[in-house]
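Here the structure is laid out as structure tokens; the discussion comes afterwards.
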Amino acid sequence: MSSNNWYRAAIYICAFLSICFFAVLFFSIRCEPDDMITALKFRNQSFSQIIYNDYYFNLFRPAALVSFFSVGYSANPDLYPYSILSLFLFISSVFVFSTYKLIVEIFNLNLPSLKEKTTLVCISILFFTSLYFLTTNRIEIFGWMSAFITHFIPITFIVFSAWIIIKKTNSIGGFLCLTIAAFLIGGSAEHITLFVLLAIAPLVFSIKLKNKKLLYFTVVLFCVYLISVITPGTLYRINTTNEYISSHSSSQIVSPLYFIQLFFQPYKIIGVLLLLFSWLIFVKTTNLQQSFTIRWCYFFLPIITSLIIAIAVAGFIYKSFSETRLLFIVDFALFVFITALAFKLVPKLQNIRFLSPSLTIFSIVVLLFFCFRHIPRLRCFANKHDETISYLKQQPSNQVITIQAFPDSDLTNQALMYSDPDNEENLLFCRFYNIKAKVSVKN
């Protein structure tokens with residue numbers, strides 16, 4: 001077996017391990033208070049009433065649509081894990097598919113054999129895994145449905161839009177896809193859309209408005225964003241956020257340095273090395289026909305603007321720097337920059353004698369360790385959580401049932417339960433799971 005085939009086998013193993021981990025992670029996610037509130041609203045109101053009462057006619061909030069198809073279509077909470085799994089797998093697949101297509105377009109690849117296509121799909125899966133490790137608050141972004149909808153879905157459709165824009169062919173279907181993507185991005189969290197607009201503005205002017213698809217996407221995105229911002233729903237969301245911040249003031253972090261130091265966490269090194277390994281396999285197994293220059297200013301500008309926006313939103317809206325999920329736009333900007341940098345470094349580094357075997361062994365060992373460490377914990381959490389719910393449902397009404405503790409949620413975001421059975425979150429938990437008794441948890 002040639003060395004290239006060994007490397008193909010290694011990338012197949014890494015992709016398989018990644019798929020196993022994410023499938024278990026996504027199936028282990030259980031609803032958090034925000035998800036419970038949304039689901040209960042859909043149980044008691046029609047979709048039009050939800051739009052009026054909670055979004056104030058803000059029809060450009062795709063989160064309402066996504067939440068409906070995830071936890072709002074059914075009053076049976078037993079089905080929610082399957083709905084959440086389907087949502088997470090679908091969006092993740094769109095990200096992987098878009099990455100695959102983007103690489104094909106950028107390098108003008110011709111992949112005639114199934115082996116070559118499979119290798120590139122595995123590389124794209126490993127890119128997704130790298131982004132996971134590079135994410136500052138991966139527990140919330142990839143382990144909490146509300147944060148995933150608000151923060152990761154628009155990032156996915158940014159990658160999807162990039163592929164559509166750089167395609168050499170123009171079609172009505174392409175413009176339709178850009179319209180849908182602009183709706184999903186522009187109606188997401190306001191700071192993400194602002195970041196996208198600021199990031200692509202220099203590109204729009206640098207090509208002198210020649211790319212009709214980029215110009216169309218920018219205009220539609222700006223219009224969706226403008227309509228989304230001026231609707232009363234935005235002001236309502238800001239007011240409810242301020243109310244939440246006021247009631248949880250004891251947990252606030254006031255120094256922006258807290259944001260900065262989070263970028264120097266050890267597990268981010270894993271993401272960087274996985275990117276290097278992915279590009280190394282790509283270079284070794286692909287016959288590249290062209291080279292191109294990278295304009296680094298287009299990569300530095302998004303990093304700077306995203307960091308400024310994240311700090312501004314944290315400081316002026318949340319009045320705290322404890323909401324680290326806001327940094328996901330910075331994580332993504334850094335991911336794009338590191339991806340480009342790794343690609344430029346690989347041709348210079350691949351001749352180092354022990355680099356390729358070392359990166360290969362490291363990637364397999366780390367992913368194996370990660371799977372063996374976290375998959376049993378995630379399944380243990382999900383099984384014990386479901387068993388606890390089943391037990392509580394069997395208890396008679398108007399009785400206080402005391403349990404010792406809820407299982408450790410590991411890499412997911414879990415609803416907190418308290419010793420006071422009349423606590424607001426305890427009561428919400430019982431209503432959501434149709435538990436008639438009251439619940440007290442000894443933490």
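Numbering starts fresh at 1 for the residues of each chain in the structure tokens, the chains themselves are lettered A, B, ... in the order given, and ligands are numbered from 1 as they appear.
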
Within 8 Å of Ile125 in chain A, counting only C-alpha atoms, which residues qualify if same-chain residues fewer than 2 places away don't, as a list in words?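 In the requested form, the answer reads Ala15, Ser18, Ile19, Val96, Val121, Cys122, Ile123, Phe127, Phe128 and Thr129 of chain A.
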
Could you write out the selected residues, including C-alpha atoms, as a PDB file, in the first residue's frame?
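Contents of the output file result_38.pdb:
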ATOM      1  CA  ALA A  15     -13.928  11.298   9.716  1.00  0.00           C
ATOM      2  CA  SER A  18     -15.907  12.582  14.149  1.00  0.00           C
ATOM      3  CA  ILE A  19     -19.258  11.352  12.822  1.00  0.00           C
ATOM      4  CA  VAL A  96     -19.823  19.953   5.282  1.00  0.00           C
ATOM      5  CA  VAL A 121     -15.789  14.677   1.955  1.00  0.00           C
ATOM      6  CA  CYS A 122     -13.756  13.303   4.874  1.00  0.00           C
ATOM      7  CA  ILE A 123     -11.502  16.366   4.775  1.00  0.00           C
ATOM      8  CA  PHE A 127     -12.876  20.948   8.889  1.00  0.00           C
ATOM      9  CA  PHE A 128     -16.155  20.885  10.807  1.00  0.00           C
ATOM     10  CA  THR A 129     -14.430  19.064  13.666  1.00  0.00           C
TER      11      THR A 129
END

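The protein and nucleic acid residues lying at most 12 Å from Cys223 in chain A are Phe60, Thr179, Ala182, Phe183, Ile185, Gly186, Gly187, Thr193, Leu194, Leu197, Tyr216, Phe217, Thr218, Val219, Ile227, Ser228, Val229 and Ile230 of chain A, with only C-alpha atoms considered and sequence neighbours fewer than 4 positions away removed.
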
Just to be explicit: take each residue in the selection above, keep N, CA and C atoms, and write the result as a PDB file, in the first residue's frame.
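The result, written out as out.pdb:
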ATOM      1  N   PHE A  60     -38.936  38.215   9.963  1.00  0.00           N
ATOM      2  CA  PHE A  60     -37.582  37.934   9.526  1.00  0.00           C
ATOM      3  C   PHE A  60     -36.768  37.298  10.647  1.00  0.00           C
ATOM      4  N   THR A 179     -31.131  34.116  -1.822  1.00  0.00           N
ATOM      5  CA  THR A 179     -32.231  34.809  -1.140  1.00  0.00           C
ATOM      6  C   THR A 179     -32.580  34.108   0.165  1.00  0.00           C
ATOM      7  N   ALA A 182     -29.750  34.648   2.620  1.00  0.00           N
ATOM      8  CA  ALA A 182     -29.781  36.015   3.161  1.00  0.00           C
ATOM      9  C   ALA A 182     -30.865  36.156   4.225  1.00  0.00           C
ATOM     10  N   PHE A 183     -31.990  35.480   4.025  1.00  0.00           N
ATOM     11  CA  PHE A 183     -33.063  35.511   5.025  1.00  0.00           C
ATOM     12  C   PHE A 183     -32.615  34.848   6.330  1.00  0.00           C
ATOM     13  N   ILE A 185     -29.519  34.364   7.367  1.00  0.00           N
ATOM     14  CA  ILE A 185     -28.415  35.104   7.990  1.00  0.00           C
ATOM     15  C   ILE A 185     -28.905  36.439   8.534  1.00  0.00           C
ATOM     16  N   GLY A 186     -29.650  37.178   7.712  1.00  0.00           N
ATOM     17  CA  GLY A 186     -30.099  38.518   8.101  1.00  0.00           C
ATOM     18  C   GLY A 186     -31.085  38.531   9.238  1.00  0.00           C
ATOM     19  N   GLY A 187     -31.815  37.440   9.423  1.00  0.00           N
ATOM     20  CA  GLY A 187     -32.787  37.387  10.508  1.00  0.00           C
ATOM     21  C   GLY A 187     -32.252  36.734  11.762  1.00  0.00           C
ATOM     22  N   THR A 193     -25.084  39.401  11.501  1.00  0.00           N
ATOM     23  CA  THR A 193     -25.358  40.003  10.198  1.00  0.00           C
ATOM     24  C   THR A 193     -24.502  41.237   9.970  1.00  0.00           C
ATOM     25  N   LEU A 194     -24.342  42.052  11.002  1.00  0.00           N
ATOM     26  CA  LEU A 194     -23.488  43.231  10.876  1.00  0.00           C
ATOM     27  C   LEU A 194     -22.054  42.830  10.553  1.00  0.00           C
ATOM     28  N   LEU A 197     -21.865  41.839   6.824  1.00  0.00           N
ATOM     29  CA  LEU A 197     -21.913  43.011   5.951  1.00  0.00           C
ATOM     30  C   LEU A 197     -20.586  43.767   5.950  1.00  0.00           C
ATOM     31  N   TYR A 216     -25.997  41.075  -5.486  1.00  0.00           N
ATOM     32  CA  TYR A 216     -27.382  40.725  -5.159  1.00  0.00           C
ATOM     33  C   TYR A 216     -27.491  40.244  -3.716  1.00  0.00           C
ATOM     34  N   PHE A 217     -26.566  39.365  -3.305  1.00  0.00           N
ATOM     35  CA  PHE A 217     -26.589  38.837  -1.941  1.00  0.00           C
ATOM     36  C   PHE A 217     -26.420  39.961  -0.921  1.00  0.00           C
ATOM     37  N   THR A 218     -25.503  40.881  -1.188  1.00  0.00           N
ATOM     38  CA  THR A 218     -25.258  41.988  -0.262  1.00  0.00           C
ATOM     39  C   THR A 218     -26.483  42.871  -0.110  1.00  0.00           C
ATOM     40  N   VAL A 219     -27.132  43.192  -1.222  1.00  0.00           N
ATOM     41  CA  VAL A 219     -28.323  44.061  -1.188  1.00  0.00           C
ATOM     42  C   VAL A 219     -29.462  43.376  -0.445  1.00  0.00           C
ATOM     43  N   ILE A 227     -34.889  45.479   7.758  1.00  0.00           N
ATOM     44  CA  ILE A 227     -36.274  45.203   8.162  1.00  0.00           C
ATOM     45  C   ILE A 227     -36.316  44.515   9.515  1.00  0.00           C
ATOM     46  N   SER A 228     -35.374  43.602   9.718  1.00  0.00           N
ATOM     47  CA  SER A 228     -35.328  42.882  10.987  1.00  0.00           C
ATOM     48  C   SER A 228     -35.047  43.818  12.153  1.00  0.00           C
ATOM     49  N   VAL A 229     -34.151  44.788  11.940  1.00  0.00           N
ATOM     50  CA  VAL A 229     -33.751  45.685  13.023  1.00  0.00           C
ATOM     51  C   VAL A 229     -34.841  46.684  13.380  1.00  0.00           C
ATOM     52  N   ILE A 230     -35.566  47.198  12.377  1.00  0.00           N
ATOM     53  CA  ILE A 230     -36.537  48.270  12.637  1.00  0.00           C
ATOM     54  C   ILE A 230     -37.863  47.752  13.158  1.00  0.00           C
TER      55      ILE A 230
END

Give the helix (DSSP H, G or I) residues of range 388-443 of chain A, as assigned by DSSP on the backbone, as number ranges by chain. A: 388-393, 424-432

Can you write just those residues out, N, CA, C and O atoms, as a PDB file, in the first residue's frame?
ATOM      1  N   THR A 388     -34.856   9.479  34.657  1.00  0.00           N
ATOM      2  CA  THR A 388     -35.362  10.367  35.710  1.00  0.00           C
ATOM      3  C   THR A 388     -36.694  10.972  35.315  1.00  0.00           C
ATOM      4  O   THR A 388     -37.619  11.041  36.133  1.00  0.00           O
ATOM      5  N   ILE A 389     -36.817  11.404  34.079  1.00  0.00           N
ATOM      6  CA  ILE A 389     -38.075  11.973  33.586  1.00  0.00           C
ATOM      7  C   ILE A 389     -39.189  10.934  33.660  1.00  0.00           C
ATOM      8  O   ILE A 389     -40.305  11.220  34.106  1.00  0.00           O
ATOM      9  N   SER A 390     -38.886   9.714  33.218  1.00  0.00           N
ATOM     10  CA  SER A 390     -39.878   8.639  33.248  1.00  0.00           C
ATOM     11  C   SER A 390     -40.333   8.354  34.683  1.00  0.00           C
ATOM     12  O   SER A 390     -41.535   8.141  34.937  1.00  0.00           O
ATOM     13  N   TYR A 391     -39.390   8.350  35.620  1.00  0.00           N
ATOM     14  CA  TYR A 391     -39.729   8.120  37.027  1.00  0.00           C
ATOM     15  C   TYR A 391     -40.613   9.237  37.574  1.00  0.00           C
ATOM     16  O   TYR A 391     -41.621   8.984  38.258  1.00  0.00           O
ATOM     17  N   LEU A 392     -40.267  10.477  37.261  1.00  0.00           N
ATOM     18  CA  LEU A 392     -41.027  11.615  37.785  1.00  0.00           C
ATOM     19  C   LEU A 392     -42.442  11.669  37.201  1.00  0.00           C
ATOM     20  O   LEU A 392     -43.381  12.101  37.869  1.00  0.00           O
ATOM     21  N   LYS A 393     -42.606  11.221  35.976  1.00  0.00           N
ATOM     22  CA  LYS A 393     -43.941  11.229  35.356  1.00  0.00           C
ATOM     23  C   LYS A 393     -44.890  10.271  36.054  1.00  0.00           C
ATOM     24  O   LYS A 393     -46.115  10.453  36.005  1.00  0.00           O
ATOM     25  N   GLU A 424     -38.971  28.910  39.854  1.00  0.00           N
ATOM     26  CA  GLU A 424     -39.537  29.115  38.518  1.00  0.00           C
ATOM     27  C   GLU A 424     -39.041  28.088  37.508  1.00  0.00           C
ATOM     28  O   GLU A 424     -39.816  27.563  36.707  1.00  0.00           O
ATOM     29  N   GLU A 425     -37.745  27.769  37.546  1.00  0.00           N
ATOM     30  CA  GLU A 425     -37.192  26.824  36.578  1.00  0.00           C
ATOM     31  C   GLU A 425     -37.615  25.393  36.891  1.00  0.00           C
ATOM     32  O   GLU A 425     -37.793  24.584  35.974  1.00  0.00           O
ATOM     33  N   ASN A 426     -37.785  25.061  38.169  1.00  0.00           N
ATOM     34  CA  ASN A 426     -38.296  23.733  38.519  1.00  0.00           C
ATOM     35  C   ASN A 426     -39.717  23.543  37.999  1.00  0.00           C
ATOM     36  O   ASN A 426     -40.064  22.492  37.455  1.00  0.00           O
ATOM     37  N   LEU A 427     -40.548  24.562  38.180  1.00  0.00           N
ATOM     38  CA  LEU A 427     -41.930  24.480  37.707  1.00  0.00           C
ATOM     39  C   LEU A 427     -41.986  24.419  36.182  1.00  0.00           C
ATOM     40  O   LEU A 427     -42.821  23.695  35.615  1.00  0.00           O
ATOM     41  N   LEU A 428     -41.128  25.181  35.520  1.00  0.00           N
ATOM     42  CA  LEU A 428     -41.057  25.141  34.056  1.00  0.00           C
ATOM     43  C   LEU A 428     -40.676  23.746  33.578  1.00  0.00           C
ATOM     44  O   LEU A 428     -41.265  23.219  32.616  1.00  0.00           O
ATOM     45  N   PHE A 429     -39.718  23.136  34.239  1.00  0.00           N
ATOM     46  CA  PHE A 429     -39.281  21.790  33.904  1.00  0.00           C
ATOM     47  C   PHE A 429     -40.440  20.807  34.000  1.00  0.00           C
ATOM     48  O   PHE A 429     -40.639  19.967  33.109  1.00  0.00           O
ATOM     49  N   CYS A 430     -41.216  20.906  35.047  1.00  0.00           N
ATOM     50  CA  CYS A 430     -42.351  19.988  35.244  1.00  0.00           C
ATOM     51  C   CYS A 430     -43.440  20.206  34.191  1.00  0.00           C
ATOM     52  O   CYS A 430     -44.014  19.240  33.662  1.00  0.00           O
ATOM     53  N   ARG A 431     -43.727  21.463  33.868  1.00  0.00           N
ATOM     54  CA  ARG A 431     -44.735  21.736  32.836  1.00  0.00           C
ATOM     55  C   ARG A 431     -44.283  21.214  31.481  1.00  0.00           C
ATOM     56  O   ARG A 431     -45.078  20.643  30.725  1.00  0.00           O
ATOM     57  N   PHE A 432     -43.022  21.394  31.194  1.00  0.00           N
ATOM     58  CA  PHE A 432     -42.508  20.988  29.890  1.00  0.00           C
ATOM     59  C   PHE A 432     -42.602  19.475  29.702  1.00  0.00           C
ATOM     60  O   PHE A 432     -42.987  18.993  28.632  1.00  0.00           O
TER      61      PHE A 432
END

Quick one: residues within 12 Å of range 159-164 of chain A, only C-alpha atoms, excluding same-chain residues fewer than 4 positions away - as a PyMOL selection string? chain A and resi 91-106+128+152-155+168-185+196+200+211-214+216-218+221+332-333+336

How about saving the chosen residues, C-alpha atoms kept, as a JSON list (two decimals), in the first residue's frame?
[["chain", "number", "residue", "atom", "x", "y", "z"],
["A", 91, "ILE", "CA", -27.32, 21.86, 9.43],
["A", 92, "SER", "CA", -23.95, 20.19, 10.02],
["A", 93, "SER", "CA", -24.35, 18.32, 6.72],
["A", 94, "VAL", "CA", -25.06, 21.61, 4.94],
["A", 95, "PHE", "CA", -21.83, 23.00, 6.41],
["A", 96, "VAL", "CA", -19.82, 19.95, 5.28],
["A", 97, "PHE", "CA", -21.46, 19.94, 1.84],
["A", 98, "SER", "CA", -20.81, 23.68, 1.38],
["A", 99, "THR", "CA", -17.18, 23.26, 2.47],
["A", 100, "TYR", "CA", -16.75, 20.41, -0.01],
["A", 101, "LYS", "CA", -18.24, 22.43, -2.87],
["A", 102, "LEU", "CA", -16.28, 25.53, -1.90],
["A", 103, "ILE", "CA", -12.97, 23.65, -2.07],
["A", 104, "VAL", "CA", -13.91, 22.17, -5.45],
["A", 105, "GLU", "CA", -14.71, 25.63, -6.84],
["A", 106, "ILE", "CA", -11.68, 27.41, -5.35],
["A", 128, "PHE", "CA", -16.16, 20.89, 10.81],
["A", 152, "PHE", "CA", -24.26, 28.35, 13.98],
["A", 153, "ILE", "CA", -27.04, 28.29, 11.37],
["A", 154, "PRO", "CA", -26.11, 31.74, 9.96],
["A", 155, "ILE", "CA", -22.42, 30.73, 9.87],
["A", 168, "LYS", "CA", -18.79, 30.17, -12.41],
["A", 169, "THR", "CA", -22.35, 29.63, -13.61],
["A", 170, "ASN", "CA", -25.35, 31.87, -12.98],
["A", 171, "SER", "CA", -28.83, 30.45, -12.61],
["A", 172, "ILE", "CA", -32.21, 31.34, -11.17],
["A", 173, "GLY", "CA", -31.75, 28.55, -8.63],
["A", 174, "GLY", "CA", -28.52, 30.12, -7.44],
["A", 175, "PHE", "CA", -30.17, 33.50, -6.85],
["A", 176, "LEU", "CA", -33.05, 31.75, -5.06],
["A", 177, "CYS", "CA", -30.56, 29.97, -2.77],
["A", 178, "LEU", "CA", -28.85, 33.29, -2.03],
["A", 179, "THR", "CA", -32.23, 34.81, -1.14],
["A", 180, "ILE", "CA", -32.99, 32.01, 1.32],
["A", 181, "ALA", "CA", -29.48, 32.23, 2.78],
["A", 182, "ALA", "CA", -29.78, 36.02, 3.16],
["A", 183, "PHE", "CA", -33.06, 35.51, 5.03],
["A", 184, "LEU", "CA", -31.51, 32.97, 7.41],
["A", 185, "ILE", "CA", -28.42, 35.10, 7.99],
["A", 196, "VAL", "CA", -21.05, 39.67, 7.55],
["A", 200, "ILE", "CA", -17.91, 41.54, 2.53],
["A", 211, "ASN", "CA", -19.96, 39.88, -9.47],
["A", 212, "LYS", "CA", -23.74, 40.11, -9.80],
["A", 213, "LYS", "CA", -24.37, 37.32, -7.30],
["A", 214, "LEU", "CA", -22.24, 38.97, -4.62],
["A", 216, "TYR", "CA", -27.38, 40.73, -5.16],
["A", 217, "PHE", "CA", -26.59, 38.84, -1.94],
["A", 218, "THR", "CA", -25.26, 41.99, -0.26],
["A", 221, "LEU", "CA", -28.92, 40.73, 3.11],
["A", 332, "PHE", "CA", -15.28, 31.59, 12.73],
["A", 333, "ALA", "CA", -13.21, 34.51, 11.42],
["A", 336, "VAL", "CA", -11.14, 31.01, 8.08]]

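The interatomic distance for the pair CA of Ser28 in chain A and CA of Ile84 in chain A works out to 9.3 Å.
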
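Nearest to Pro357 in chain A of all the residues A:Ile281, A:Ile375, A:Val220, A:Leu226 is A:Ile281, counting only C-alpha atoms.
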
Out of A:Gln414, A:Ala437, A:Ser358, A:Arg43, which residue has the shortest atom-to-atom distance to Asn398 in chain A when counting only C-alpha atoms? A:Ala437

Using only C-alpha atoms, which of A:Leu326, A:Ile269, A:Ile403, A:Val441 sits nearest Ser419 in chain A?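 Using only C-alpha atoms, Ser419 in chain A sits closest to A:Val441.
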
From the list A:Ala39, A:Val313, A:Ile166, A:Leu85, the nearest residue to Asn108 in chain A using only C-alpha atoms is A:Ile166

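Summary of the local environment: counting only C-alpha atoms, residues at most 7 Å from range 29-38 of chain A, other than itself and those fewer than 4 positions away along its chain, are Leu25, Phe42, Pro81, Gly143, Trp144, Ser146, Thr412, Asn413, Gln414, Ala415 and Phe432 of chain A.
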
Any chance you can output those residues with N, CA and C atoms as a PDB file, in the first residue's frame?
ATOM      1  N   LEU A  25     -23.234  13.188  20.458  1.00  0.00           N
ATOM      2  CA  LEU A  25     -23.391  14.492  21.098  1.00  0.00           C
ATOM      3  C   LEU A  25     -24.753  15.098  20.784  1.00  0.00           C
ATOM      4  N   PHE A  42     -45.516  27.270  21.766  1.00  0.00           N
ATOM      5  CA  PHE A  42     -46.084  26.658  20.576  1.00  0.00           C
ATOM      6  C   PHE A  42     -47.207  25.678  20.919  1.00  0.00           C
ATOM      7  N   PRO A  81     -35.727  14.792  21.392  1.00  0.00           N
ATOM      8  CA  PRO A  81     -34.332  14.407  21.084  1.00  0.00           C
ATOM      9  C   PRO A  81     -34.120  14.023  19.626  1.00  0.00           C
ATOM     10  N   GLY A 143     -24.037  22.409  21.929  1.00  0.00           N
ATOM     11  CA  GLY A 143     -24.750  21.590  22.892  1.00  0.00           C
ATOM     12  C   GLY A 143     -26.017  22.215  23.424  1.00  0.00           C
ATOM     13  N   TRP A 144     -26.475  23.284  22.765  1.00  0.00           N
ATOM     14  CA  TRP A 144     -27.688  23.984  23.207  1.00  0.00           C
ATOM     15  C   TRP A 144     -28.437  24.423  21.960  1.00  0.00           C
ATOM     16  N   SER A 146     -30.936  26.516  21.237  1.00  0.00           N
ATOM     17  CA  SER A 146     -31.174  27.939  20.978  1.00  0.00           C
ATOM     18  C   SER A 146     -29.921  28.632  20.455  1.00  0.00           C
ATOM     19  N   THR A 412     -22.902  19.163  26.913  1.00  0.00           N
ATOM     20  CA  THR A 412     -24.158  19.800  26.516  1.00  0.00           C
ATOM     21  C   THR A 412     -24.589  20.793  27.587  1.00  0.00           C
ATOM     22  N   ASN A 413     -25.489  21.679  27.196  1.00  0.00           N
ATOM     23  CA  ASN A 413     -26.019  22.675  28.124  1.00  0.00           C
ATOM     24  C   ASN A 413     -27.305  22.141  28.725  1.00  0.00           C
ATOM     25  N   GLN A 414     -27.365  22.006  30.024  1.00  0.00           N
ATOM     26  CA  GLN A 414     -28.508  21.362  30.670  1.00  0.00           C
ATOM     27  C   GLN A 414     -29.227  22.323  31.594  1.00  0.00           C
ATOM     28  N   ALA A 415     -30.548  22.150  31.701  1.00  0.00           N
ATOM     29  CA  ALA A 415     -31.357  22.966  32.601  1.00  0.00           C
ATOM     30  C   ALA A 415     -30.930  22.723  34.052  1.00  0.00           C
ATOM     31  N   PHE A 432     -43.022  21.394  31.194  1.00  0.00           N
ATOM     32  CA  PHE A 432     -42.508  20.988  29.890  1.00  0.00           C
ATOM     33  C   PHE A 432     -42.602  19.475  29.702  1.00  0.00           C
TER      34      PHE A 432
END

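Counting only C-alpha atoms, the residue from A:Pro112, A:Tyr12, A:Phe157, A:Ala342 that sits nearest to Val272 in chain A is A:Ala342.
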
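Restricting the calculation to only C-alpha atoms, the smallest distance between Ile329 in chain A and any of A:Asp422, A:Glu190, A:Asp408, A:Asp386 is found for A:Glu190.
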